[in-house]
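Colleague: Okay, here's the structure, questions in a sec.
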Amino acid sequence: MKIGVPKETRSGETRVAATPDSIKRLGSKIAGVKFLIETGAGTAAHFPDESYKAVGAEIVDRKTALGAELVLKLHRPDEEEVGLMSKGALLLSTIEPFKNDGLMEKLAARGVDAIGLELIPRISRAQSMDVLSSQANIAGYRAVIEAAAHFGRFLPTMMTAAGSAKAAKVIVLGAGVAGLQAIATARRMGANVEAFDVRPEVKEQIESLGAKFIEIDIGESGSGAGGYAKELSPEAKAKQQKGLTERLKKADIVITTAQIPGRPAPLLVTEEAVMGMAPGSVIMDMAASTGGNCALTEAEKIVVKNGVTLIGTTNLLSLVPADASNFYARNLVNLMYLIVKPGEPPALNLDLQDEIVAASLVTHGGAVRFQRR
Ligand SMILES: NC(=O)c1ccc[n+]([C@@H]2O[C@H](COP(=O)([O-])OP(=O)(O)OC[C@H]3O[C@@H](n4cnc5c(N)ncnc54)[C@H](O)[C@@H]3O)[C@@H](O)[C@H]2O)c1
């Protein structure tokens with residue numbers, strides 16, 4: 001069985017969907033798979049072609065990689081890539097199924113089955129396959145590093161012969177995967193950390209990381225289905241913004257990670273809050289690509305407003321490409337254990353009754369299965 005790994009073409013992307021480590025792992029459990037890696041696919045993630053050859057992979061051209069029976073990608077394919085895929089092939093990739101732009105119809109017309117990795121359910125059995133979690137964890141870490149690099153002061157308390165400095169105050173909004181890692185990272189760097197989330201059940205997790213939970217009575221719970229948040233009523237949103245604004249004005253660094261799947265990012269940091277923050281403070285808005293949690297963020301840019309640096313970088317993962325690729329690739333290996341049947345030769349085996357496959361298979365047998373809500 002041949003598994004193709006094309007080079008990612010999205011601007012700024014440095015990650016790759018298979019690494020020498022993931023290839024070795026899959027090979028140790030399922031014999032008879034051959035990886036076809038496009039020339040230079042891993043170079044930007046610090047995995048040169050030779051490192052793939054050393055674990056038995058073949059370095060091929062783009063057409064050969066995309067023409068394989070199983071294709072591994074990070075970003076949804078473009079038209080050229082769909083055109084190079086084979087009828088009956090299976091694609092494992094993020095698909096962005098909520099974009100209503102005909103991609104799934106094109107994949108189905110080409111006869112390509114596709115698993116949309118962002119649709120893998122957040123259930124215990126699928127945790128090891130969950131690319132959103134593995135990547136958000138890394139992004140949460142890097143968000144703190146970025147913010148710290150733009151902050152003109154220390155994060156920890158410093159006592160030196162030349163004088164002492166107080167620990168920075170960091171506020172993290174949204175304590176899901178990225179938020180909890182941001183809290184842990186800021187704590188490790190010695191900052192005083194406070195955090196808020198609309199799901200009251202995360203209070204304990206925040207406190208277990210040594211941060212303080214910000215209590216705001218918004219009059220309702222934001223807990224929705226499947227461990228995700230639901231959209232708040234307009235009254236609750238207003239109470240939240242009001243409750244946060246005065247606290248945010250006193251923060252040195254604010255990291256925002258609030259999201260509701262498939263919806264624009266909730267607005268948590270108002271213009272008034274930004275204007276009230278001290279010069280030199282920093283806001284890292286991790287939700288910039290879905291509209292931003294801060295009123296003044298500009299996606300893909302770093303801007304300074306009233307002395308406050310607003311970071312709208314959306315490619316944090318490309319700044320940690322080796323580990324981000326390894327984690328992503330490991331998620332795919334765990335998924336492949338589920339959908340590849342060992343044998344001579346090994347073969348694709350999609351069990352449509354399996355909860356994970358059923359939830360994430362967006363095209364199958366020439367038809368679109370994904371149902372828009
Ligand atoms: N900038 C980047 O490079 C990058 C990379 C990866 C992820 N992200 C982004 O990071 C964000 C977080 O991802 P995640 O995987 O941690 O998501 P997640 O779903 O695990 O966590 C989001 C959290 O936000 C909370 N939330 C929702 N509405 C809220 C509100 N009104 N107030 C406070 N909290 C609220 C939810 O309860 C949840 O805990 C997403 O926007 C994602 O797109 C950015």
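Naming scheme: A, B, ... for chains in displayed order of the structure tokens; residues 1 onward per chain; ligands 1 onward as shown.
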What are the closest atom pairs, with distances in Å to one decimal, for each residue of range 274-322 of chain A lying within 12 Å of range 160-174 of chain A, using only C-alpha atoms, rows by chain and rising residue number, as a Markdown table?

Modeller:
```
| residue | atom | partner | partner_atom | distance |
| --- | --- | --- | --- | --- |
| A:Met277 | CA | A:Lys169 | CA | 12.0 |
| A:Ala278 | CA | A:Lys169 | CA | 11.9 |
| A:Gly280 | CA | A:Ala168 | CA | 11.7 |
| A:Ser281 | CA | A:Ala168 | CA | 9.8 |
| A:Val282 | CA | A:Val170 | CA | 9.5 |
| A:Ile283 | CA | A:Ile171 | CA | 9.5 |
| A:Met284 | CA | A:Val172 | CA | 9.6 |
| A:Asp285 | CA | A:Leu173 | CA | 9.6 |
| A:Met286 | CA | A:Leu173 | CA | 10.0 |
| A:Ala287 | CA | A:Gly174 | CA | 10.3 |
| A:Asn293 | CA | A:Leu173 | CA | 8.9 |
| A:Cys294 | CA | A:Leu173 | CA | 10.6 |
```

Colleague: If you keep N, CA and C atoms, can you produce a file of those selected residues as a short mmCIF file (atom, residue, chain, number, x, y, z; two decimals), in the first residue's frame?

Modeller:
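Once everything was written out, this is out.cif:
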```
data_model
loop_
_atom_site.label_atom_id
_atom_site.label_comp_id
_atom_site.auth_asym_id
_atom_site.auth_seq_id
_atom_site.Cartn_x
_atom_site.Cartn_y
_atom_site.Cartn_z
N MET A 277 -5.34 49.83 28.73
CA MET A 277 -4.15 49.06 29.14
C MET A 277 -2.91 49.96 29.10
N ALA A 278 -1.90 49.57 29.90
CA ALA A 278 -0.70 50.41 29.98
C ALA A 278 0.13 50.28 28.70
N GLY A 280 3.03 49.36 26.37
CA GLY A 280 3.98 48.26 26.52
C GLY A 280 3.29 46.92 26.75
N SER A 281 2.00 46.95 27.09
CA SER A 281 1.32 45.67 27.29
C SER A 281 1.01 45.02 25.94
N VAL A 282 0.69 43.74 26.00
CA VAL A 282 0.60 42.95 24.76
C VAL A 282 -0.68 42.12 24.77
N ILE A 283 -1.37 42.08 23.62
CA ILE A 283 -2.52 41.17 23.47
C ILE A 283 -2.20 40.20 22.35
N MET A 284 -2.22 38.92 22.66
CA MET A 284 -2.03 37.88 21.62
C MET A 284 -3.41 37.29 21.36
N ASP A 285 -3.97 37.58 20.18
CA ASP A 285 -5.33 37.14 19.86
C ASP A 285 -5.26 35.87 19.01
N MET A 286 -5.44 34.73 19.67
CA MET A 286 -5.32 33.46 18.93
C MET A 286 -6.51 33.21 18.03
N ALA A 287 -7.58 33.95 18.21
CA ALA A 287 -8.77 33.72 17.38
C ALA A 287 -8.81 34.65 16.17
N ASN A 293 -10.90 37.78 19.11
CA ASN A 293 -11.56 37.99 20.40
C ASN A 293 -11.40 39.43 20.86
N CYS A 294 -10.55 40.17 20.14
CA CYS A 294 -10.29 41.56 20.53
C CYS A 294 -10.75 42.47 19.39
#
```

Colleague: Hey, what does DSSP flag as strand (DSSP E or B) within range 91-156 of chain A? Can you give it to me as a list in words?

Modeller: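 Across range 91-156 of chain A, those assigned strand (DSSP E or B) are Leu91, Leu92, Ser93, Asp113, Ala114, Ile115 and Gly116 of chain A.
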
Colleague: Could you jot down the CA of Ser86 in chain A to CA of Val112 in chain A separation for me, Å, one decimal place?

Modeller: 6.9 Å

Colleague: Could you report the residues within 7 Å of ligand 1, using only C-alpha atoms and all ligand atoms, as number ranges by chain?

Modeller: A: 132-133, 135-136, 139, 173-179, 196-199, 222-223, 228-232, 237, 257-261, 265-266, 268, 286-290, 313-317

Colleague: Using only C-alpha atoms, which of A:Ser134, A:Ser11, A:Ser51, A:Thr39 sits nearest Arg122 in chain A?

Modeller: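 Among the listed residues, A:Ser134 lies closest to Arg122 in chain A.
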
Colleague: From a backbone DSSP assignment, name each residue in range 111-317 of chain A labelled helix (DSSP H, G or I), as a VMD selection string.

Modeller: chain A and resid 117 to 119 124 to 129 131 to 150 177 to 188 200 to 208 225 to 227 234 to 249 271 to 276 288 to 290 316 to 317

Colleague: Between CA of Val340 in chain A and CA of Tyr52 in chain A, what is the distance in Å, rounded to a tenth?

Modeller: 21.2 Å

Colleague: In Å, rounded to a single decimal, give me how far CA of Lys250 in chain A is from CA of Gly276 in chain A.

Modeller: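 That distance, rounded to one decimal, is 8.2 Å.
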
Colleague: Nearest residue to Arg330 in chain A out of A:Glu69, A:Glu235, A:Asp130, A:Glu215, using only C-alpha atoms?

Modeller: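 Smallest distance to Arg330 in chain A is found for A:Asp130.
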
Colleague: Taking 5 positions as the minimum chain separation for residues in the same chain, which residues sit within 10 Å of Ala236 in chain A when counting only C-alpha atoms? Answer as a list in words.

Modeller: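 Selected residues are Val198, Asp217, Ile218, Gly219, Glu220, Ser221, Gly222, Glu231, Gln241 and Lys242 of chain A.
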
Colleague: With only C-alpha atoms as the basis for distance, which of A:Gly83, A:Gly4, A:Gly88, A:Pro121 is at the shortest distance from Thr64 in chain A?

Modeller: A:Gly4
